[in-house]
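Shown next: start_32.txt, given as compact mmCIF, C-alpha atoms and all ligand atoms.
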```txt
# COMPACT_ATOMS: atom_id res chain seq x y z
CA MET A 1 2.50 71.20 22.28
CA THR A 2 0.95 68.26 24.11
CA ARG A 3 3.07 65.26 25.03
CA VAL A 4 1.21 62.02 25.59
CA MET A 5 1.54 59.72 28.59
CA ASN A 6 3.71 57.02 27.06
CA PHE A 7 3.46 53.49 28.48
CA SER A 8 5.20 51.80 25.53
CA ALA A 9 7.41 48.76 26.08
CA GLY A 10 10.31 50.06 24.03
CA PRO A 11 11.31 52.25 22.38
CA ALA A 12 9.79 53.96 25.35
CA ALA A 13 9.29 57.31 27.04
CA LEU A 14 12.43 59.42 27.48
CA PRO A 15 12.87 62.09 30.17
CA GLU A 16 11.70 65.43 28.84
CA GLU A 17 14.83 67.09 30.27
CA ALA A 18 17.05 64.84 28.14
CA LEU A 19 15.06 65.64 25.00
CA LEU A 20 14.99 69.38 25.68
CA ARG A 21 18.73 69.38 26.19
CA ALA A 22 19.11 67.64 22.81
CA ARG A 23 16.77 70.18 21.21
CA ASP A 24 18.70 73.12 22.61
CA GLU A 25 22.02 71.67 21.51
CA LEU A 26 20.90 70.26 18.19
CA LEU A 27 22.11 72.83 15.65
CA ASP A 28 25.15 74.14 17.45
CA TRP A 29 26.53 71.64 19.87
CA ASN A 30 28.91 73.06 22.46
CA GLY A 31 29.82 76.01 20.23
CA THR A 32 31.15 73.75 17.46
CA GLY A 33 28.73 75.16 14.86
CA MET A 34 27.35 71.71 14.08
CA SER A 35 25.22 69.04 15.67
CA VAL A 36 26.69 66.13 17.60
CA MET A 37 25.62 63.88 14.71
CA GLU A 38 27.91 65.76 12.34
CA GLN A 39 31.05 65.52 14.50
CA SER A 40 33.90 63.13 13.87
CA HIS A 41 33.83 60.32 16.40
CA ARG A 42 37.58 60.85 16.72
CA GLY A 43 37.23 64.55 17.50
CA LYS A 44 37.82 66.01 20.97
CA ALA A 45 34.24 67.31 21.25
CA TYR A 46 32.62 63.94 20.65
CA GLU A 47 35.17 62.04 22.70
CA LYS A 48 34.22 64.13 25.72
CA VAL A 49 30.54 63.22 25.60
CA HIS A 50 31.40 59.59 24.82
CA GLN A 51 33.57 59.43 27.92
CA GLU A 52 30.91 61.15 29.98
CA ALA A 53 28.36 58.45 29.03
CA HIS A 54 30.81 55.73 30.12
CA ASP A 55 31.69 57.55 33.35
CA LEU A 56 28.07 58.24 34.29
CA LEU A 57 27.15 54.63 33.74
CA ARG A 58 29.96 53.45 36.01
CA LYS A 59 28.93 55.98 38.63
CA LEU A 60 25.26 54.99 38.53
CA LEU A 61 26.22 51.32 38.84
CA GLY A 62 28.50 52.10 41.78
CA LEU A 63 31.63 50.98 39.93
CA THR A 64 34.86 52.68 40.96
CA ALA A 65 38.05 53.02 38.93
CA ASP A 66 39.45 50.02 40.85
CA ASP A 67 36.67 47.71 39.67
CA LYS A 68 38.12 45.64 36.88
CA ARG A 69 35.07 45.86 34.68
CA SER A 70 34.55 47.40 31.27
CA VAL A 71 31.52 49.29 30.08
CA ILE A 72 30.99 48.87 26.35
CA PHE A 73 28.50 50.48 23.97
CA LEU A 74 27.68 48.39 20.88
CA GLN A 75 25.23 48.48 18.00
CA GLY A 76 22.91 45.64 17.05
CA GLY A 77 20.69 45.54 20.11
CA ALA A 78 20.32 42.86 22.75
CA THR A 79 19.38 40.42 19.99
CA GLN A 80 22.84 40.71 18.51
CA VAL A 81 24.31 40.04 21.94
CA PHE A 82 22.30 36.78 22.06
CA ALA A 83 24.48 35.58 19.17
CA THR A 84 27.78 37.30 19.97
CA LEU A 85 27.73 35.96 23.54
CA ALA A 86 28.02 32.46 22.15
CA MET A 87 30.68 33.58 19.66
CA ASN A 88 32.78 35.14 22.42
CA PHE A 89 32.56 32.40 25.01
CA LEU A 90 31.66 29.05 23.41
CA ARG A 91 34.39 26.88 21.90
CA ALA A 92 34.23 23.30 20.57
CA GLY A 93 33.40 20.89 23.37
CA THR A 94 32.16 23.54 25.83
CA SER A 95 28.61 24.33 26.91
CA ALA A 96 26.58 27.12 28.53
CA ASP A 97 23.44 26.90 30.66
CA TYR A 98 20.37 28.99 29.84
CA VAL A 99 17.49 29.70 32.22
CA SER A 100 14.39 30.74 30.31
CA ALA A 101 11.23 32.10 31.87
CA GLY A 102 9.71 33.60 28.76
CA ALA A 103 10.00 34.87 25.23
CA TRP A 104 13.32 36.70 25.57
CA GLY A 105 15.05 33.89 27.43
CA ASP A 106 13.88 31.56 24.65
CA LYS A 107 15.27 33.82 21.96
CA ALA A 108 18.63 34.08 23.71
CA LEU A 109 18.79 30.28 23.84
CA VAL A 110 17.83 29.79 20.19
CA GLU A 111 20.59 32.12 19.03
CA ALA A 112 23.19 30.48 21.26
CA LYS A 113 22.15 27.03 20.06
CA SER A 114 22.51 27.91 16.41
CA TYR A 115 26.06 29.22 16.88
CA ALA A 116 26.99 26.39 19.25
CA ALA A 117 25.97 23.83 16.61
CA MET A 118 28.31 25.46 14.10
CA VAL A 119 31.37 25.11 16.32
CA GLY A 120 30.63 21.83 18.11
CA ALA A 121 29.64 23.44 21.41
CA SER A 122 26.27 23.35 23.14
CA ALA A 123 23.72 25.61 24.83
CA ARG A 124 21.59 23.73 27.35
CA GLU A 125 18.24 24.81 28.72
CA VAL A 126 18.10 24.46 32.52
CA ARG A 127 14.88 22.59 33.37
CA TRP A 128 12.55 23.97 36.04
CA GLU A 129 8.87 23.59 36.64
CA GLY A 130 7.68 26.92 35.24
CA ALA A 131 9.78 26.71 32.08
CA GLU A 132 7.03 25.18 29.97
CA GLY A 133 3.33 24.44 29.77
CA ALA A 134 0.44 26.70 30.67
CA GLY A 135 2.29 28.32 33.58
CA LYS A 136 5.10 29.59 31.37
CA GLY A 137 5.49 33.32 31.71
CA THR A 138 3.59 33.58 34.98
CA ARG A 139 6.58 33.49 37.32
CA MET A 140 10.35 33.50 37.63
CA PRO A 141 12.18 30.46 39.02
CA HIS A 142 13.27 30.13 42.64
CA PRO A 143 17.02 29.59 43.06
CA ARG A 144 16.37 26.16 44.60
CA GLU A 145 14.76 24.98 41.35
CA LEU A 146 17.86 25.60 39.29
CA VAL A 147 20.68 23.11 38.91
CA PHE A 148 23.57 24.20 36.74
CA ALA A 149 26.17 22.05 35.00
CA GLU A 150 29.46 22.23 36.90
CA ASP A 151 31.39 22.84 33.69
CA ALA A 152 29.08 25.43 32.09
CA VAL A 153 31.25 28.26 30.78
CA PHE A 154 28.48 30.63 31.79
CA VAL A 155 24.90 30.64 33.05
CA HIS A 156 22.49 32.97 31.22
CA THR A 157 19.39 34.52 32.82
CA THR A 158 16.90 37.28 31.97
CA SER A 159 16.12 39.57 34.90
CA ASN A 160 12.84 40.96 33.53
CA GLU A 161 10.67 39.27 30.92
CA THR A 162 9.26 42.30 29.12
CA ILE A 163 6.39 40.53 27.37
CA HIS A 164 5.08 38.54 30.33
CA GLY A 165 5.66 41.18 33.03
CA THR A 166 7.75 38.94 35.28
CA GLN A 167 10.85 40.08 37.15
CA VAL A 168 13.26 38.27 39.41
CA GLY A 169 14.26 38.83 42.97
CA LEU A 170 11.98 41.69 43.86
CA SER A 171 12.11 40.95 47.53
CA GLU A 172 15.84 40.33 47.60
CA SER A 173 18.67 41.88 45.70
CA LEU A 174 19.80 40.21 42.52
CA PRO A 175 21.03 37.74 41.45
CA PHE A 176 18.11 35.37 41.92
CA ALA A 177 20.32 32.58 40.75
CA ASP A 178 23.71 32.48 42.42
CA PRO A 179 25.67 30.17 40.18
CA LYS A 180 29.28 29.23 40.86
CA GLN A 181 29.73 29.58 37.12
CA PRO A 182 30.07 33.02 35.50
CA HIS A 183 26.64 34.68 35.50
CA VAL A 184 25.53 36.48 32.34
CA CYS A 185 22.28 38.44 32.54
CA ASP A 186 20.03 40.12 29.99
CA MET A 187 18.81 43.21 31.87
CA SER A 188 17.36 44.97 28.84
CA SER A 189 14.09 45.90 30.46
CA ASP A 190 15.09 46.68 34.05
CA PHE A 191 18.63 48.01 33.76
CA LEU A 192 19.14 50.96 36.13
CA GLY A 193 15.54 50.63 37.26
CA ARG A 194 16.55 49.17 40.63
CA VAL A 195 19.73 48.76 42.60
CA ILE A 196 21.85 45.75 41.69
CA ASP A 197 25.42 44.79 42.42
CA PRO A 198 27.15 44.56 39.04
CA ARG A 199 30.06 42.71 40.68
CA LYS A 200 27.86 39.64 40.97
CA PHE A 201 27.73 39.30 37.20
CA SER A 202 30.48 38.33 34.81
CA LEU A 203 28.58 40.10 32.07
CA LEU A 204 25.36 42.02 32.01
CA TYR A 205 23.79 43.70 29.02
CA ALA A 206 20.84 45.90 28.16
CA GLY A 207 19.38 47.43 25.04
CA ALA A 208 19.08 51.17 25.67
CA GLN A 209 15.56 51.80 24.42
CA LYS A 210 13.72 51.14 27.67
CA ASN A 211 15.47 52.79 30.59
CA ILE A 212 18.51 54.64 29.31
CA GLY A 213 18.07 56.08 25.84
CA PRO A 214 16.96 55.56 22.26
CA SER A 215 17.32 52.34 20.28
CA GLY A 216 20.54 51.87 18.35
CA VAL A 217 22.83 51.10 21.24
CA VAL A 218 23.25 48.22 23.66
CA VAL A 219 25.33 48.44 26.84
CA LEU A 220 27.54 45.67 28.19
CA VAL A 221 29.24 45.61 31.58
CA VAL A 222 31.88 42.89 31.57
CA ASP A 223 34.32 41.52 34.11
CA ASP A 224 37.78 42.02 32.57
CA ALA A 225 38.97 38.57 33.73
CA PHE A 226 35.96 36.95 31.99
CA LEU A 227 36.79 38.95 28.87
CA GLU A 228 40.39 37.85 29.05
CA ALA A 229 39.25 34.24 28.65
CA SER A 230 37.05 34.93 25.61
CA CYS A 231 37.62 33.48 22.12
CA ASP A 232 40.18 35.37 20.05
CA ASP A 233 39.58 33.54 16.77
CA ILE A 234 36.34 35.24 15.75
CA PRO A 235 36.19 38.38 13.57
CA SER A 236 37.43 41.37 15.60
CA ILE A 237 34.23 43.36 15.13
CA PHE A 238 32.33 40.70 17.09
CA ARG A 239 34.87 40.44 19.89
CA TYR A 240 33.82 42.23 23.06
CA ALA A 241 37.51 42.49 23.95
CA THR A 242 38.11 44.59 20.82
CA HIS A 243 35.50 47.12 21.90
CA ALA A 244 36.61 47.14 25.53
CA LYS A 245 40.21 47.78 24.51
CA ASN A 246 39.15 50.61 22.21
CA GLY A 247 36.73 52.29 24.62
CA SER A 248 33.75 51.54 22.31
CA LEU A 249 35.53 53.48 19.54
CA TYR A 250 36.91 50.60 17.46
CA ASN A 251 34.69 51.64 14.58
CA THR A 252 32.16 54.46 14.22
CA PRO A 253 29.78 54.15 17.17
CA PRO A 254 26.13 55.30 17.10
CA THR A 255 27.19 58.77 18.22
CA PHE A 256 23.78 60.42 18.52
CA ALA A 257 22.34 57.48 20.46
CA ILE A 258 25.29 57.54 22.88
CA TYR A 259 24.93 61.32 23.24
CA LEU A 260 21.26 60.84 24.18
CA VAL A 261 22.20 58.08 26.63
CA ARG A 262 24.53 60.63 28.22
CA ASN A 263 21.61 63.09 28.54
CA VAL A 264 19.38 60.43 30.12
CA LEU A 265 22.08 59.28 32.54
CA ALA A 266 22.82 62.87 33.56
CA TRP A 267 19.11 63.30 34.29
CA LEU A 268 19.06 60.12 36.36
CA ASP A 269 22.18 61.16 38.26
CA ALA A 270 20.66 64.56 39.07
CA LYS A 271 17.51 62.83 40.31
CA GLY A 272 19.48 60.93 42.93
CA GLY A 273 20.59 57.93 40.90
CA VAL A 274 19.26 54.37 40.98
CA PRO A 275 18.11 54.26 44.65
CA ALA A 276 15.87 57.30 44.06
CA ILE A 277 14.43 55.99 40.80
CA GLU A 278 13.83 52.55 42.32
CA LYS A 279 11.69 54.19 44.99
CA ASP A 280 9.62 55.93 42.30
CA ASN A 281 9.43 52.75 40.22
CA ARG A 282 8.08 50.76 43.15
CA ALA A 283 5.53 53.48 43.92
CA LYS A 284 4.37 53.57 40.28
CA ALA A 285 4.00 49.80 40.09
CA LYS A 286 2.09 49.73 43.37
CA LEU A 287 -0.40 52.29 42.06
CA VAL A 288 -1.21 50.15 39.03
CA TYR A 289 -1.16 46.75 40.79
CA ASP A 290 -3.44 48.15 43.51
CA ALA A 291 -5.89 49.28 40.82
CA ILE A 292 -5.86 45.71 39.48
CA ASP A 293 -6.14 43.97 42.85
CA GLU A 294 -8.86 46.26 44.14
CA SER A 295 -11.05 45.94 41.03
CA GLY A 296 -12.99 42.93 42.31
CA GLY A 297 -11.75 40.78 39.41
CA PHE A 298 -12.50 43.27 36.60
CA TYR A 299 -8.75 43.46 35.96
CA THR A 300 -6.60 40.38 36.46
CA CYS A 301 -2.85 39.96 36.44
CA PRO A 302 -1.67 36.47 35.46
CA VAL A 303 1.70 36.90 37.20
CA GLU A 304 2.36 35.37 40.62
CA ALA A 305 2.76 38.04 43.31
CA GLU A 306 6.49 37.51 43.97
CA SER A 307 7.40 37.73 40.29
CA ARG A 308 5.39 40.81 39.39
CA SER A 309 7.52 43.23 37.41
CA ILE A 310 7.80 46.84 38.48
CA MET A 311 8.72 47.73 34.88
CA ASN A 312 6.01 46.01 32.82
CA VAL A 313 2.62 45.53 34.43
CA VAL A 314 0.45 43.12 32.42
CA PHE A 315 -3.27 42.75 32.97
CA ARG A 316 -6.42 41.49 31.33
CA LEU A 317 -10.04 42.61 31.31
CA PRO A 318 -13.07 40.26 31.26
CA SER A 319 -13.13 40.00 27.43
CA GLU A 320 -11.36 41.26 24.32
CA ALA A 321 -14.28 43.60 23.74
CA HIS A 322 -13.71 45.10 27.21
CA GLU A 323 -10.02 45.43 26.36
CA ALA A 324 -10.72 47.29 23.12
CA LYS A 325 -13.02 49.66 25.00
CA PHE A 326 -10.39 50.27 27.68
CA LEU A 327 -7.72 50.98 25.06
CA ALA A 328 -10.00 53.52 23.39
CA ALA A 329 -10.67 55.18 26.76
CA SER A 330 -6.95 55.33 27.53
CA GLU A 331 -6.20 56.94 24.18
CA GLN A 332 -8.96 59.42 24.79
CA ALA A 333 -7.23 60.28 28.07
CA GLY A 334 -3.91 60.92 26.29
CA MET A 335 -2.25 57.59 27.05
CA VAL A 336 -0.44 55.45 24.47
CA GLY A 337 1.32 52.09 24.34
CA LEU A 338 -0.97 50.10 26.63
CA LYS A 339 -1.74 47.26 24.23
CA GLY A 340 -0.05 44.03 25.32
CA HIS A 341 2.47 42.23 23.11
CA ARG A 342 0.80 40.64 20.08
CA SER A 343 1.91 37.16 21.21
CA VAL A 344 0.03 37.31 24.54
CA GLY A 345 -2.71 39.92 24.09
CA GLY A 346 -4.23 41.86 26.96
CA MET A 347 -2.78 45.09 28.34
CA ARG A 348 0.73 46.06 29.35
CA ALA A 349 1.72 49.25 31.13
CA SER A 350 5.45 49.81 30.90
CA LEU A 351 6.57 52.02 33.76
CA TYR A 352 10.21 52.63 32.88
CA ASN A 353 12.35 55.25 34.59
CA ALA A 354 11.11 58.17 32.47
CA VAL A 355 7.43 57.50 33.24
CA SER A 356 6.48 59.82 36.08
CA VAL A 357 4.61 58.88 39.25
CA ALA A 358 1.91 61.34 38.10
CA HIS A 359 1.42 59.40 34.84
CA ALA A 360 1.19 56.08 36.71
CA LYS A 361 -1.35 57.68 39.04
CA ALA A 362 -3.35 58.96 36.06
CA LEU A 363 -3.42 55.43 34.66
CA ALA A 364 -4.49 53.91 37.98
CA ASP A 365 -7.24 56.54 38.30
CA LEU A 366 -8.45 55.82 34.77
CA MET A 367 -8.51 52.08 35.51
CA ARG A 368 -10.60 52.59 38.64
CA GLU A 369 -13.01 54.90 36.87
CA HIS A 370 -13.29 52.58 33.86
CA ALA A 371 -13.99 49.55 36.07
CA ARG A 372 -16.67 51.53 37.90
CA THR A 373 -18.46 52.55 34.71
CA SER A 374 -17.89 49.40 32.61
CA GLY A 375 -17.77 46.64 35.20
N1 LIG B 401 15.81 41.16 25.82
C1 LIG B 401 14.74 41.72 26.41
C2 LIG B 401 14.45 41.38 27.84
C3 LIG B 401 13.94 42.61 25.69
O1 LIG B 401 12.88 43.18 26.27
C4 LIG B 401 14.27 42.92 24.34
C5 LIG B 401 13.47 43.90 23.50
N2 LIG B 401 12.18 44.12 23.83
C6 LIG B 401 15.38 42.28 23.77
C7 LIG B 401 16.13 41.42 24.54
C8 LIG B 401 15.74 42.52 22.33
O2 LIG B 401 16.24 43.79 22.17
P1 LIG B 401 16.56 44.41 20.73
O3 LIG B 401 15.27 44.53 20.00
O4 LIG B 401 17.18 45.73 21.07
O5 LIG B 401 17.51 43.52 20.03
```

Target encoding structure tokens, full file:
Amino acid sequence: MTRVMNFSAGPAALPEEALLRARDELLDWNGTGMSVMEQSHRGKAYEKVHQEAHDLLRKLLGLTADDKRSVIFLQGGATQVFATLAMNFLRAGTSADYVSAGAWGDKALVEAKSYAAMVGASAREVRWEGAEGAGKGTRMPHPRELVFAEDAVFVHTTSNETIHGTQVGLSESLPFADPKQPHVCDMSSDFLGRVIDPRKFSLLYAGAQKNIGPSGVVVLVVDDAFLEASCDDIPSIFRYATHAKNGSLYNTPPTFAIYLVRNVLAWLDAKGGVPAIEKDNRAKAKLVYDAIDESGGFYTCPVEAESRSIMNVVFRLPSEAHEAKFLAASEQAGMVGLKGHRSVGGMRASLYNAVSVAHAKALADLMREHARTSG
């Protein structure tokens, strides 16, 4: 069996250890005579793994039992959270501030606006220089550029713009914006990829299919006091408070996805947790950015140095014909997923947690060799 080097943006590479564990346990999970998929979500066996996933996540985030925060697993992806955020926190006459630096920030805003209009609330885009025009998607804002409304019920940001390859606060620790208002952050594409302090956020969320598992589950980490103040007149299934109160077992959760998240988190924990993986992630990104910067202009990265993402490295070649040739060479070398998002073109190497340093090095080596022979 040959496994490819997977640089996909998500669903993305998963740690082999997590997959092998699933393979070994697939038919007879924990001596139950059935797979985890076939267990009742109310049964003791499943409850144990469900709890383990919650506990590992708290541990990896550095949250203790005294931290009044809830970890929730939901279905529907980060896109559903774009809408349910507004449902949970926007009431008639209130407004929220949205900082957008790219495609995902835009989508979050559009969803919030559509719900806000239905209930007489508003979602406001925070203006800053890089938010529109040709420079959009080439950098993240500086905190000094952002002015938030005093009465915003929350401020929404995106820590890593997956399509553009921009990431905030690489030289400092998050948050890049330090609003007085509750800070809500979409961390879908860099969650657990670097150390953050979850206490600085009222709510953070991440779709699993990049750094922590398969698609089908989205994680929320919410301050209980923030949750306490959420709307209680929306359908219970959409209320975050419902899921927090029921330990993500209000209705049937995506059991197999949560089980796989547990496997991935156990792997990350054994590897030394987030500080250890951040070190690897920075080393991987450096390998690929160095190959770009030392190519004499054969490869170019449109992202400003301070905003370069360590998760998604985007780059272009001199022409689309060069790009097609590079993609073919990468596939020949056993690499997949390097084509950039259809909306921006070019190349994108996603270097999530499960991508090894060796694979990033293989990519950097291929880039150097390709530039030498095709430049
Ligand atoms: N936010 C970001 C930053 C993303 O990268 C993505 C998915 N690529 C989403 C939100 C949407 O996630 P989903 O498709 O799971 O709804």

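Across the structure, CA of Ala333 in chain A and CA of Met1 in chain A are spaced 15.7 Å apart.
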
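If you look at CA of Gly345 in chain A and CA of Ala131 in chain A, they are 19.9 Å away from each other.
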
How would you report the residues lying within 8 Å of ligand LIG 401 (chain B), as a short mmCIF file (atom, residue, chain, number, x, y, z; two decimals) with C-alpha atoms, keeping the file's coordinate frame, if you count only C-alpha atoms and all ligand atoms?
```cif
data_model
loop_
_atom_site.label_atom_id
_atom_site.label_comp_id
_atom_site.auth_asym_id
_atom_site.auth_seq_id
_atom_site.Cartn_x
_atom_site.Cartn_y
_atom_site.Cartn_z
CA ALA A 9 7.41 48.76 26.08
CA GLY A 10 10.31 50.06 24.03
CA GLY A 76 22.91 45.64 17.05
CA GLY A 77 20.69 45.54 20.11
CA ALA A 78 20.32 42.86 22.75
CA THR A 79 19.38 40.42 19.99
CA GLN A 80 22.84 40.71 18.51
CA VAL A 81 24.31 40.04 21.94
CA TRP A 104 13.32 36.70 25.57
CA GLY A 105 15.05 33.89 27.43
CA ALA A 108 18.63 34.08 23.71
CA THR A 158 16.90 37.28 31.97
CA SER A 159 16.12 39.57 34.90
CA ASN A 160 12.84 40.96 33.53
CA GLU A 161 10.67 39.27 30.92
CA THR A 162 9.26 42.30 29.12
CA ILE A 163 6.39 40.53 27.37
CA ASP A 186 20.03 40.12 29.99
CA MET A 187 18.81 43.21 31.87
CA SER A 188 17.36 44.97 28.84
CA SER A 189 14.09 45.90 30.46
CA ALA A 206 20.84 45.90 28.16
CA GLY A 207 19.38 47.43 25.04
CA ALA A 208 19.08 51.17 25.67
CA GLN A 209 15.56 51.80 24.42
CA SER A 215 17.32 52.34 20.28
CA GLY A 216 20.54 51.87 18.35
CA VAL A 217 22.83 51.10 21.24
CA VAL A 218 23.25 48.22 23.66
#
```

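Among the candidate residues A:Gln75, A:Asn353, A:Gln39, A:Asn211, the one lying nearest to Lys271 in chain A is A:Asn353, with distances computed using all atoms listed in the file.
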
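Omitting Pro214 in chain A and its sequence neighbours fewer than 4 positions away, and counting all atoms listed in the file, the residues within 8 Å are Pro11, Ala12, Leu14, Ala208, Gln209, Lys210, Ala257, Leu260 and Val261 of chain A.
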
Which of these residues is nearest to Ala13 in chain A, using all atoms listed in the file: A:Lys113, A:Ile292, A:Ser330, A:Val264?
A:Val264

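Straight-line separation from CA of Glu111 in chain A to CA of Met87 in chain A: 10.2 Å.
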
Would you be able to write out as a ChimeraX atom specification which residues have an atom within 12 Å of (13.3, 64.4, 25.1) in the file's coordinates, counting only C-alpha atoms?
/A:3,12-26,212-214,260-261,263-264,267,354

At a cut-off of 12 Å around the point (27.7, 38.0, 23.0) (file coordinates), what residues fall inside when counting only C-alpha atoms? I'd like the answer as JSON, numbers by chain.
{"A": [72, 74, 75, 76, 77, 78, 79, 80, 81, 82, 83, 84, 85, 86, 87, 88, 89, 90, 108, 109, 111, 112, 115, 154, 156, 184, 185, 186, 203, 204, 205, 206, 218, 219, 220, 221, 222, 227, 230, 231, 234, 237, 238, 239, 240, 241]}

Shortest contact to Ala305 in chain A, candidates A:Lys286, A:Arg58, A:Lys107, A:Lys245, atoms counted all atoms listed in the file, goes to A:Lys286
